[in-house]
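This is run-v9.csv (CSV, C-alpha atoms).
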chain,number,residue,atom,x,y,z
A,1,MET,CA,34.1,0.2,-161.9
A,2,SER,CA,35.8,3.5,-161.5
A,3,LEU,CA,39.0,4.1,-159.6
A,4,LYS,CA,37.2,6.0,-156.9
A,5,SER,CA,34.9,3.1,-156.2
A,6,ARG,CA,37.8,0.7,-156.1
A,7,GLY,CA,39.7,2.8,-153.5
A,8,VAL,CA,36.7,3.0,-151.2
A,9,ALA,CA,36.3,-0.8,-151.3
A,10,GLU,CA,39.9,-1.3,-150.4
A,11,ARG,CA,39.7,1.0,-147.4
A,12,THR,CA,36.6,-0.7,-146.1
A,13,SER,CA,38.2,-4.1,-146.3
A,14,ARG,CA,41.3,-3.0,-144.4
A,15,SER,CA,39.1,-1.5,-141.6
A,16,VAL,CA,37.3,-4.8,-141.1
A,17,VAL,CA,40.6,-6.6,-141.0
A,18,SER,CA,42.0,-4.2,-138.4
A,19,GLN,CA,39.0,-4.6,-136.1
A,20,LYS,CA,39.3,-8.4,-136.2
A,21,TRP,CA,43.0,-8.2,-135.3
A,22,SER,CA,42.3,-5.8,-132.5
A,23,LEU,CA,39.7,-8.1,-131.0
A,24,LEU,CA,42.1,-11.1,-131.2
A,25,LEU,CA,44.9,-9.1,-129.7
A,26,CYS,CA,42.7,-8.0,-126.8
A,27,LEU,CA,41.6,-11.6,-126.2
A,28,GLY,CA,45.2,-12.8,-126.3
A,29,SER,CA,46.3,-10.1,-123.9
A,30,PHE,CA,43.5,-11.0,-121.4
A,31,CYS,CA,44.5,-14.8,-121.6
A,32,ALA,CA,48.1,-14.0,-121.1
A,33,GLY,CA,47.3,-11.8,-118.1
A,34,MET,CA,45.2,-14.6,-116.5
A,35,LEU,CA,48.0,-17.1,-117.2
A,36,PHE,CA,50.8,-15.0,-115.6
A,37,THR,CA,48.8,-14.0,-112.5
A,38,THR,CA,47.7,-17.6,-111.9
A,39,ARG,CA,44.2,-16.4,-111.0
A,40,MET,CA,40.9,-17.4,-112.4
A,41,TRP,CA,37.5,-15.9,-111.8
A,42,ILE,CA,35.2,-18.1,-109.8
A,43,ILE,CA,31.7,-18.1,-110.9
A,44,PRO,CA,29.5,-16.7,-108.2
A,45,GLU,CA,27.2,-19.7,-108.4
A,46,ILE,CA,30.0,-21.9,-107.0
A,47,LYS,CA,29.2,-20.9,-103.5
A,48,GLY,CA,30.6,-24.1,-101.8
A,49,GLY,CA,34.1,-23.4,-102.9
A,50,ILE,CA,34.0,-19.8,-101.8
A,51,ALA,CA,32.4,-20.8,-98.4
A,52,ARG,CA,35.1,-23.5,-97.9
A,53,THR,CA,37.9,-21.0,-98.6
A,54,THR,CA,36.4,-18.4,-96.3
A,55,THR,CA,35.9,-20.9,-93.4
A,56,VAL,CA,39.5,-22.1,-93.6
A,57,ASP,CA,40.8,-18.6,-93.5
A,58,ALA,CA,38.5,-17.7,-90.6
A,59,LYS,CA,39.7,-20.6,-88.6
A,60,ARG,CA,43.3,-19.7,-89.2
A,61,LEU,CA,42.6,-16.1,-88.2
A,62,LYS,CA,40.8,-17.3,-85.1
A,63,LEU,CA,43.7,-19.5,-84.0
A,64,VAL,CA,46.1,-16.7,-84.6
A,65,SER,CA,44.0,-14.1,-82.8
A,66,GLU,CA,43.3,-16.5,-79.8
A,67,GLY,CA,47.0,-17.1,-79.5
A,68,CYS,CA,47.8,-13.4,-79.5
A,69,ILE,CA,45.0,-12.7,-76.9
A,70,THR,CA,46.1,-15.5,-74.7
A,71,LYS,CA,49.7,-14.4,-74.8
A,72,PHE,CA,48.5,-10.8,-74.1
A,73,TYR,CA,46.6,-11.8,-71.1
A,74,LYS,CA,49.4,-13.9,-69.8
A,75,ASP,CA,51.8,-11.0,-70.2
A,76,VAL,CA,49.3,-8.6,-68.5
A,77,LYS,CA,48.8,-11.1,-65.6
A,78,LEU,CA,52.6,-11.5,-65.1
A,79,VAL,CA,53.0,-7.7,-65.1
A,80,SER,CA,50.1,-7.2,-62.7
A,81,GLN,CA,51.4,-9.9,-60.3
A,82,ASP,CA,54.8,-8.2,-60.4
A,83,ILE,CA,53.3,-4.8,-59.7
A,84,PHE,CA,51.1,-6.1,-56.9
A,85,GLY,CA,54.1,-7.9,-55.4
A,86,LYS,CA,56.2,-4.8,-55.4
A,87,VAL,CA,53.3,-2.7,-53.9
A,88,SER,CA,52.8,-5.3,-51.1
A,89,LYS,CA,56.5,-5.3,-50.3
A,90,THR,CA,56.5,-1.5,-50.3
A,91,ASN,CA,53.5,-1.5,-47.9
A,92,ASN,CA,55.2,-4.0,-45.6
A,93,ALA,CA,58.4,-1.9,-45.6
A,94,ILE,CA,56.4,1.2,-44.7
A,95,GLN,CA,54.6,-0.5,-41.9
A,96,THR,CA,57.9,-1.8,-40.5
A,97,LEU,CA,59.4,1.7,-40.8
A,98,ASP,CA,56.4,3.2,-39.0
A,99,LYS,CA,56.7,0.7,-36.1
A,100,THR,CA,60.4,1.4,-35.9
A,101,ILE,CA,59.8,5.1,-35.8
A,102,SER,CA,57.1,4.7,-33.2
A,103,ASN,CA,59.4,2.6,-31.0
A,104,LEU,CA,62.2,5.2,-31.3
A,105,GLU,CA,59.8,7.9,-30.3
A,106,MET,CA,58.8,6.0,-27.2
A,107,GLU,CA,62.4,5.4,-26.3
A,108,LEU,CA,63.1,9.1,-26.9
A,109,ALA,CA,60.2,10.0,-24.6
A,110,ALA,CA,61.6,7.8,-21.9
A,111,ALA,CA,65.0,9.4,-22.3
A,112,LYS,CA,63.5,12.8,-22.2
A,113,ALA,CA,61.6,12.0,-19.0
A,114,GLU,CA,64.8,10.8,-17.4
A,115,GLN,CA,66.6,14.0,-18.4
A,116,GLU,CA,63.8,16.2,-17.0
A,117,SER,CA,64.1,14.3,-13.7
A,118,LEU,CA,67.8,15.0,-13.7
A,119,LEU,CA,67.3,18.8,-14.3
A,120,SER,CA,64.6,19.0,-11.7
A,121,GLY,CA,66.9,17.4,-9.1
A,122,ALA,CA,64.9,14.2,-8.8
A,123,PRO,CA,66.9,10.9,-8.4
A,124,ILE,CA,67.6,9.2,-11.7
A,125,SER,CA,66.5,5.6,-12.1
A,126,ASP,CA,69.2,3.3,-13.4
A,127,SER,CA,67.6,0.8,-15.7
A,128,THR,CA,70.3,-1.7,-15.0
A,129,THR,CA,69.8,-1.6,-11.2
A,130,LYS,CA,66.2,-0.5,-10.8
A,131,ARG,CA,63.8,-3.3,-9.7
A,132,LYS,CA,61.6,-4.5,-12.5
A,133,TYR,CA,57.9,-5.0,-11.7
A,134,PHE,CA,55.2,-6.8,-13.6
A,135,MET,CA,52.3,-4.4,-12.9
A,136,VAL,CA,51.3,-1.4,-10.8
A,137,ILE,CA,47.6,-1.3,-9.7
A,138,GLY,CA,46.4,2.1,-8.7
A,139,ILE,CA,43.1,2.2,-6.9
A,140,ASN,CA,41.4,5.5,-7.5
A,141,THR,CA,39.9,6.8,-4.2
A,142,ALA,CA,38.6,9.9,-2.5
A,143,PHE,CA,38.8,11.5,0.9
A,144,SER,CA,35.3,10.4,1.8
A,145,SER,CA,35.9,6.8,0.8
A,146,ARG,CA,37.5,5.4,3.9
A,147,LYS,CA,34.9,2.6,4.2
A,148,ARG,CA,35.3,1.6,0.6
A,149,ARG,CA,39.1,1.3,1.1
A,150,ASP,CA,38.6,-0.8,4.2
A,151,SER,CA,36.2,-3.1,2.3
A,152,VAL,CA,38.8,-3.5,-0.5
A,153,ARG,CA,41.5,-4.3,2.1
A,154,ALA,CA,39.2,-6.9,3.6
A,155,THR,CA,38.6,-8.7,0.3
A,156,TRP,CA,40.9,-8.7,-2.8
A,157,MET,CA,43.8,-6.5,-1.7
A,158,PRO,CA,46.5,-8.3,0.3
A,159,GLN,CA,47.6,-6.6,3.5
A,160,GLY,CA,50.8,-6.3,5.6
A,161,GLU,CA,53.4,-9.0,5.0
A,162,LYS,CA,51.3,-10.6,2.2
A,163,ARG,CA,51.4,-7.3,0.2
A,164,ARG,CA,55.1,-7.0,0.6
A,165,LYS,CA,55.5,-10.6,-0.5
A,166,LEU,CA,53.4,-9.9,-3.5
A,167,GLU,CA,55.7,-7.1,-4.5
A,168,GLU,CA,58.9,-9.1,-3.9
A,169,GLU,CA,57.8,-12.5,-5.4
A,170,LYS,CA,55.3,-11.5,-8.0
A,171,GLY,CA,56.3,-8.0,-8.9
A,172,ILE,CA,52.9,-6.5,-8.2
A,173,ILE,CA,52.4,-3.1,-6.7
A,174,ILE,CA,49.0,-2.1,-5.3
A,175,ARG,CA,48.3,1.4,-3.9
A,176,PHE,CA,45.3,3.6,-3.2
A,177,VAL,CA,45.8,6.7,-5.3
A,178,ILE,CA,44.8,10.1,-3.9
A,179,GLY,CA,46.0,13.7,-4.2
A,180,HIS,CA,45.7,16.6,-1.7
A,181,GLY,CA,42.8,18.8,-0.4
A,182,ALA,CA,42.3,22.3,-1.4
A,183,THR,CA,44.1,23.3,1.8
A,184,VAL,CA,47.4,21.5,1.8
A,185,GLY,CA,48.1,20.0,5.2
A,186,GLY,CA,44.5,20.5,6.2
A,187,ILE,CA,42.2,18.0,8.1
A,188,LEU,CA,41.6,15.9,5.0
A,189,ASP,CA,45.3,15.5,4.3
A,190,ARG,CA,46.1,14.7,7.9
A,191,ALA,CA,43.4,11.9,7.9
A,192,ILE,CA,45.0,10.3,4.9
A,193,GLU,CA,48.5,10.6,6.4
A,194,ALA,CA,47.2,8.8,9.5
A,195,GLU,CA,45.6,6.0,7.5
A,196,ASP,CA,48.8,5.6,5.4
A,197,LYS,CA,50.9,5.4,8.5
A,198,LYS,CA,48.7,2.5,9.6
A,199,HIS,CA,48.5,0.6,6.3
A,200,GLY,CA,51.3,2.0,4.2
A,201,ASP,CA,49.3,1.5,1.0
A,202,PHE,CA,48.9,5.0,-0.5
A,203,LEU,CA,50.3,6.8,-3.5
A,204,ARG,CA,50.0,10.5,-2.9
A,205,LEU,CA,49.8,12.7,-6.0
A,206,ASP,CA,50.7,16.3,-6.6
A,207,HIS,CA,47.1,17.0,-7.5
A,208,ILE,CA,44.1,18.8,-6.0
A,209,GLU,CA,41.2,16.4,-5.5
A,210,GLY,CA,37.9,17.1,-7.1
A,211,TYR,CA,35.3,15.1,-9.1
A,212,LEU,CA,35.7,17.3,-12.2
A,213,GLU,CA,39.4,16.8,-12.0
A,214,LEU,CA,39.5,13.1,-12.6
A,215,SER,CA,41.2,13.5,-16.0
A,216,ALA,CA,44.0,15.5,-14.5
A,217,LYS,CA,44.3,13.0,-11.7
A,218,THR,CA,44.5,10.1,-14.1
A,219,LYS,CA,47.2,11.8,-16.1
A,220,THR,CA,49.2,12.6,-12.9
A,221,TYR,CA,48.8,9.0,-11.7
A,222,PHE,CA,50.3,7.5,-14.8
A,223,ALA,CA,53.1,10.0,-14.9
A,224,THR,CA,53.9,9.5,-11.2
A,225,ALA,CA,53.7,5.7,-11.3
A,226,VAL,CA,55.9,5.3,-14.3
A,227,ASN,CA,58.6,7.4,-12.7
A,228,LEU,CA,58.4,5.5,-9.4
A,229,TRP,CA,58.2,1.9,-10.6
A,230,ASP,CA,59.6,0.3,-13.7
A,231,ALA,CA,56.7,-2.0,-14.6
A,232,GLU,CA,55.4,-3.6,-17.7
A,233,TYR,CA,51.8,-2.5,-17.1
A,234,TYR,CA,50.0,0.2,-15.2
A,235,ILE,CA,46.3,-0.3,-14.1
A,236,LYS,CA,43.7,2.1,-12.9
A,237,VAL,CA,40.7,0.7,-11.1
A,238,ASP,CA,38.0,2.4,-9.0
A,239,ASP,CA,37.6,1.6,-5.3
A,240,ASP,CA,34.1,0.1,-5.7
A,241,VAL,CA,35.2,-2.6,-8.2
A,242,HIS,CA,36.1,-6.2,-7.3
A,243,VAL,CA,39.3,-7.5,-8.9
A,244,ASN,CA,40.9,-11.0,-9.2
A,245,ILE,CA,44.6,-10.1,-9.2
A,246,ALA,CA,45.9,-13.5,-10.5
A,247,THR,CA,43.4,-13.5,-13.4
A,248,LEU,CA,44.3,-9.9,-14.2
A,249,GLY,CA,48.0,-10.8,-14.3
A,250,GLU,CA,47.4,-13.8,-16.5
A,251,THR,CA,45.4,-11.7,-18.9
A,252,LEU,CA,48.1,-9.0,-19.2
A,253,ALA,CA,50.9,-11.6,-19.5
A,254,ARG,CA,49.3,-12.8,-22.8
A,255,HIS,CA,50.1,-9.5,-24.4
A,256,ARG,CA,53.5,-8.7,-22.8
A,257,LYS,CA,55.4,-9.1,-26.1
A,258,LYS,CA,53.2,-6.6,-27.9
A,259,PRO,CA,54.0,-2.8,-27.8
A,260,ARG,CA,51.6,0.0,-26.8
A,261,ILE,CA,48.8,-2.1,-25.2
A,262,TYR,CA,45.6,-0.4,-24.1
A,263,ILE,CA,43.2,-3.0,-22.6
A,264,GLY,CA,39.8,-2.8,-21.1
A,265,CYS,CA,36.1,-3.0,-22.0
A,266,MET,CA,35.9,-0.9,-25.1
A,267,LYS,CA,32.8,1.2,-25.6
A,268,SER,CA,31.4,4.0,-27.8
A,269,GLY,CA,28.5,5.6,-26.1
A,270,PRO,CA,26.5,8.7,-26.9
A,271,VAL,CA,27.9,12.2,-26.3
A,272,LEU,CA,25.7,13.9,-23.7
A,273,SER,CA,25.3,17.5,-24.7
A,274,ARG,CA,22.5,18.5,-22.3
A,275,LYS,CA,23.5,20.4,-19.2
A,276,GLY,CA,22.6,19.0,-15.8
A,277,VAL,CA,22.8,15.3,-16.8
A,278,ARG,CA,25.4,12.9,-15.5
A,279,TYR,CA,28.5,12.7,-17.6
A,280,HIS,CA,27.6,15.9,-19.4
A,281,GLU,CA,30.3,16.8,-22.0
A,282,PRO,CA,30.8,20.6,-22.4
A,283,GLU,CA,32.9,20.0,-25.5
A,284,TYR,CA,30.3,17.8,-27.1
A,285,TRP,CA,30.7,19.6,-30.4
A,286,LYS,CA,34.1,18.0,-30.9
A,287,PHE,CA,32.8,14.5,-31.0
A,288,GLY,CA,29.5,14.4,-33.0
A,289,ASP,CA,26.8,12.0,-31.8
A,290,LYS,CA,29.0,9.3,-30.4
A,291,TYR,CA,32.4,9.0,-28.7
A,292,PHE,CA,35.3,7.1,-30.3
A,293,ARG,CA,36.1,3.7,-29.0
A,294,HIS,CA,37.7,3.8,-25.5
A,295,ALA,CA,37.9,1.7,-22.4
A,296,THR,CA,35.3,2.1,-19.7
A,297,GLY,CA,36.6,4.0,-16.7
A,298,GLN,CA,36.0,1.4,-14.0
A,299,ILE,CA,39.2,-0.5,-14.8
A,300,TYR,CA,41.8,-0.4,-17.7
A,301,ALA,CA,45.4,-1.1,-18.2
A,302,ILE,CA,48.2,0.4,-20.4
A,303,SER,CA,51.7,-0.8,-21.1
A,304,LYS,CA,54.8,1.1,-20.0
A,305,ASP,CA,55.5,2.8,-23.3
A,306,LEU,CA,52.0,4.5,-23.2
A,307,ALA,CA,52.4,5.5,-19.6
A,308,THR,CA,55.8,7.0,-20.5
A,309,TYR,CA,54.1,8.9,-23.4
A,310,ILE,CA,51.6,10.4,-20.9
A,311,SER,CA,54.3,11.3,-18.5
A,312,VAL,CA,56.4,13.2,-21.2
A,313,ASN,CA,53.4,14.9,-22.8
A,314,GLN,CA,51.2,15.5,-19.8
A,315,HIS,CA,51.5,19.3,-20.2
A,316,VAL,CA,49.9,19.3,-23.7
A,317,LEU,CA,47.4,16.5,-23.3
A,318,HIS,CA,43.9,17.9,-23.4
A,319,LYS,CA,41.5,17.0,-20.5
A,320,TYR,CA,37.9,16.3,-21.1
A,321,THR,CA,35.2,16.0,-18.4
A,322,ASN,CA,35.2,12.2,-18.4
A,323,GLU,CA,38.6,10.7,-17.6
A,324,ASP,CA,38.0,7.5,-19.7
A,325,VAL,CA,37.3,9.7,-22.7
A,326,SER,CA,40.4,11.7,-22.0
A,327,LEU,CA,42.6,8.6,-21.9
A,328,GLY,CA,41.2,7.3,-25.2
A,329,ALA,CA,41.7,10.7,-26.8
A,330,TRP,CA,45.3,10.8,-25.8
A,331,PHE,CA,46.0,7.7,-27.8
A,332,ILE,CA,44.2,8.7,-31.0
A,333,GLY,CA,46.8,9.1,-33.7
A,334,LEU,CA,49.2,6.7,-32.0
A,335,ASP,CA,50.0,3.1,-33.1
A,336,VAL,CA,48.1,1.7,-30.1
A,337,GLN,CA,46.6,-1.8,-29.9
A,338,HIS,CA,43.1,-1.5,-28.4
A,339,ILE,CA,42.2,-4.8,-26.8
A,340,ASP,CA,38.6,-5.3,-25.8
A,341,ASP,CA,38.4,-8.0,-23.1
A,342,ARG,CA,34.9,-8.4,-21.6
A,343,ARG,CA,36.2,-10.2,-18.5
A,344,LEU,CA,37.2,-6.8,-17.2
A,345,CYS,CA,33.6,-5.8,-16.9
A,346,CYS,CA,31.6,-8.7,-15.6
A,347,GLY,CA,28.4,-8.1,-13.6
A,348,THR,CA,28.1,-8.9,-9.9
A,349,PRO,CA,26.5,-12.2,-8.9
A,350,PRO,CA,25.0,-14.2,-10.5
A,351,ASP,CA,26.8,-13.1,-13.6
A,352,CYS,CA,30.4,-13.4,-12.4
A,353,GLU,CA,29.5,-16.5,-10.4
A,354,TRP,CA,28.1,-18.4,-13.4
A,355,LYS,CA,31.2,-17.5,-15.4
A,356,ALA,CA,33.5,-18.7,-12.6
A,357,GLN,CA,31.6,-22.0,-12.3
A,358,ALA,CA,32.1,-22.4,-16.1
A,359,GLY,CA,35.8,-21.9,-15.7
A,360,ASN,CA,35.9,-18.4,-17.1
A,361,ILE,CA,36.8,-16.4,-14.0
A,362,CYS,CA,36.3,-12.7,-14.4
A,363,VAL,CA,39.1,-10.1,-14.0
A,364,ALA,CA,36.8,-7.5,-12.5
A,365,SER,CA,33.1,-7.3,-11.5
A,366,PHE,CA,30.8,-4.3,-10.9
A,367,ASP,CA,27.3,-3.1,-11.7
A,368,TRP,CA,26.8,-1.0,-14.8
A,369,THR,CA,23.9,0.8,-13.3
A,370,CYS,CA,26.0,2.2,-10.5
A,371,SER,CA,29.3,2.4,-12.4
A,372,GLY,CA,30.7,0.2,-9.7
A,373,ILE,CA,29.4,-2.3,-7.2
A,374,CYS,CA,26.1,-0.9,-5.9
A,375,ARG,CA,26.5,-0.3,-2.1
A,376,SER,CA,30.0,-1.7,-2.5
A,377,VAL,CA,30.8,-1.4,1.2
A,378,ASP,CA,28.0,-3.8,2.1
A,379,ARG,CA,28.2,-6.1,-1.0
A,380,ILE,CA,31.8,-6.5,-2.0
A,381,LYS,CA,32.4,-9.3,0.5
A,382,GLU,CA,29.6,-11.3,-1.1
A,383,VAL,CA,31.0,-10.6,-4.5
A,384,HIS,CA,34.4,-11.7,-3.3
A,385,ARG,CA,33.0,-14.9,-1.8
A,386,ARG,CA,31.0,-15.9,-4.8
A,387,CYS,CA,33.2,-14.6,-7.7
A,388,GLY,CA,36.7,-14.5,-6.2
A,389,GLU,CA,39.5,-16.7,-7.7
A,390,GLY,CA,40.6,-17.9,-4.2
A,391,GLU,CA,43.7,-16.7,-2.3
A,392,ASN,CA,45.9,-19.6,-3.5
A,393,ALA,CA,45.4,-18.7,-7.1
A,394,LEU,CA,47.5,-15.6,-6.7
A,395,TRP,CA,50.4,-17.3,-5.1
A,396,LYS,CA,50.4,-20.2,-7.6
A,397,ALA,CA,50.2,-17.9,-10.6
A,398,ALA,CA,53.3,-17.5,-12.6
A,399,PHE,CA,53.5,-14.3,-14.7

Before anything else, please render the file you have as structure tokens.
Amino acid sequence: MSLKSRGVAERTSRSVVSQKWSLLLCLGSFCAGMLFTTRMWIIPEIKGGIARTTTVDAKRLKLVSEGCITKFYKDVKLVSQDIFGKVSKTNNAIQTLDKTISNLEMELAAAKAEQESLLSGAPISDSTTKRKYFMVIGINTAFSSRKRRDSVRATWMPQGEKRRKLEEEKGIIIRFVIGHGATVGGILDRAIEAEDKKHGDFLRLDHIEGYLELSAKTKTYFATAVNLWDAEYYIKVDDDVHVNIATLGETLARHRKKPRIYIGCMKSGPVLSRKGVRYHEPEYWKFGDKYFRHATGQIYAISKDLATYISVNQHVLHKYTNEDVSLGAWFIGLDVQHIDDRRLCCGTPPDCEWKAQAGNICVASFDWTCSGICRSVDRIKEVHRRCGEGENALWKAAF
């Protein structure tokens, strides 16, 4: 063998040896890596082990996530309750502040009315010495209604000494309310003066009488009455309506601790836009199809603070054609308690009679079709006999 052949053989042998050692070295490194990392491959076929490991981890993750979510919702609930509690307290505080402001405004209105009386030269009422009354009942009447007035005097309105006793013992004032004719001191005024001289039961207003002036008359009545008599309530009633005075007083007494009371039979009828029909409203476009809720005009009552409000603001209160609509409009925007009591609008017999027999005596009775008792001069005595509360009820009543 030549030297060249021998050299080639030696190089081939060394290459084989190097490859073997490289392979062993790689295997050793791989095993060392597996040993130090403490991890071993899991053959894919061993699915049970993998499944068990995954289920355990999932359960742990679920418990942790549920705990976090529960805690999150609890925290959100506590924060929400705290926020709602603060909002509720804030709303209550705002409502209390509104009522306080409203009461102060009413007191300011009363003080303003008293100041205006002083500037105009009228006598000032001293609240510490002025007689306190329970209610003032103003019976709206007209020059042509002498027979209606006599029928009221003969039924539910006490006369003479009884009326004076009613004022002194029960604190109840009752007057027929009327203004003046177009000609002051004319025959119409003289007739009323003669009637008043005989009965002494009129309240004369600085007002020109007229059917289309009922809103102005109502406003003047409340303004005049609240300045003459310091009462808790002021009532307006028509002269063709039957009233049970004791039942009226007991009804109002239930609300005497509440401020700004407006009580009557509340209604919301259609606005009549067509000319020529009864109760036509020239300013119909301001209302839409229906009126807002307001007391029907046959009888209603308001508390002193509302009467004072009318007195102070009478020069800026708008007058609509229908006086009951006007009164309701004056209270829109005020914190007024509208009380709907259907006993103030019972029908005539048999309606009011059945209710009286059932122990639910009516405050007032009239016929809706006539906006009062139909043919009241002839029928009011019958209504009084069948639906009246009895004379003793008034004197036994304690308001």

message = Could you check the closest approach to Ile178 of chain A for each of A:Lys217, A:Lys267, A:Lys162, A:Lys147 and tell me which residue wins, using only C-alpha atoms?
response =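 Of A:Lys217, A:Lys267, A:Lys162, A:Lys147, the one nearest Ile178 of chain A is A:Lys217, counting only C-alpha atoms.
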
query = When distances are computed from all atoms listed in the file, which of A:Val184, A:Ala398, A:Leu214, A:Ile361 shows the smallest separation from Asn244 of chain A?
reply =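 Result for the nearest residue to Asn244 of chain A: A:Ile361.
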
Tell me which protein, DNA and RNA residues are within 8 Å of segment 258-262 of chain A, counting all atoms listed in the file, leaving out same-chain ones fewer than 6 positions away, and put them as an mmCIF file with C-alpha atoms, in the frame of the given file.
data_model
loop_
_atom_site.group_PDB
_atom_site.id
_atom_site.type_symbol
_atom_site.label_atom_id
_atom_site.label_comp_id
_atom_site.auth_asym_id
_atom_site.auth_seq_id
_atom_site.Cartn_x
_atom_site.Cartn_y
_atom_site.Cartn_z
ATOM 1 C CA TYR A 300 41.800 -0.400 -17.700
ATOM 2 C CA ALA A 301 45.400 -1.100 -18.200
ATOM 3 C CA ILE A 302 48.200 0.400 -20.400
ATOM 4 C CA SER A 303 51.700 -0.800 -21.100
ATOM 5 C CA LYS A 304 54.800 1.100 -20.000
ATOM 6 C CA ASP A 305 55.500 2.800 -23.300
ATOM 7 C CA LEU A 306 52.000 4.500 -23.200
ATOM 8 C CA ASP A 335 50.000 3.100 -33.100
ATOM 9 C CA VAL A 336 48.100 1.700 -30.100
ATOM 10 C CA GLN A 337 46.600 -1.800 -29.900
ATOM 11 C CA HIS A 338 43.100 -1.500 -28.400
ATOM 12 C CA ILE A 339 42.200 -4.800 -26.800
#

message = If I take atom CA of Phe202 of chain A and atom CA of Tyr320 of chain A, how far is one from the other in Å, to one decimal?
response = 25.9 Å

query = Pick from A:Ser144, A:Gln314, A:Ser365, A:Thr218: nearest to Pro349 of chain A, with all atoms listed in the file counted?
reply = A:Ser365

ask   = So how far away is atom CA of Arg146 of chain A from atom CA of Glu195 of chain A, in Å?
value =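 Distance between the two atoms: 8.9 Å.
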
task = Quick one: everything within 12 Å of Glu193 of chain A, counting all atoms listed in the file, minus sequence neighbours fewer than 6 positions away in the same chain. Send it as number ranges by chain.
result = A: 143, 178-180, 184-187, 199-204

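When only C-alpha atoms are used to measure the gap to Ile139 of chain A, the shortest distance among A:Gln298, A:Thr348, A:Ser371, A:Ser268 belongs to A:Gln298.
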
task = Give me, please, the distance in Å between atom CA of Ala358 of chain A and atom CA of Gly372 of chain A, quoted to one decimal.
result =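 According to the coordinates, atom CA of Ala358 of chain A and atom CA of Gly372 of chain A are separated by 23.5 Å.
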
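Among A:Ala356, A:Ile263, A:Met135, A:Val383, the residue with the shortest atom-to-atom distance to Trp229 of chain A, counting only C-alpha atoms, is A:Met135.
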
ask   = Can you list, as an MDAnalysis selection string, every protein, DNA or RNA residue that comes within 10 Å of Tyr211 of chain A when you count all atoms listed in the file, leaving out same-chain residues fewer than 4 positions away?
value = chainID A and resid 142 215 217 321:322

ask   = Which of these, A:Phe366, A:Trp354, A:Tyr279, A:Trp156, has the shortest distance to Asp324 of chain A once you count all atoms listed in the file?
value = A:Tyr279

Do you know which residues are at most 9 Å from His280 of chain A counting only C-alpha atoms, after dropping those on the same chain fewer than 4 positions away, and could you put them as a short mmCIF file (atom, residue, chain, number, x, y, z; two decimals) with C-alpha atoms, in the frame of the given file?
data_model
loop_
_atom_site.label_atom_id
_atom_site.label_comp_id
_atom_site.auth_asym_id
_atom_site.auth_seq_id
_atom_site.Cartn_x
_atom_site.Cartn_y
_atom_site.Cartn_z
CA VAL A 271 27.90 12.20 -26.30
CA LEU A 272 25.70 13.90 -23.70
CA SER A 273 25.30 17.50 -24.70
CA ARG A 274 22.50 18.50 -22.30
CA LYS A 275 23.50 20.40 -19.20
CA GLY A 276 22.60 19.00 -15.80
CA TYR A 284 30.30 17.80 -27.10
CA THR A 321 35.20 16.00 -18.40
CA ASN A 322 35.20 12.20 -18.40
#
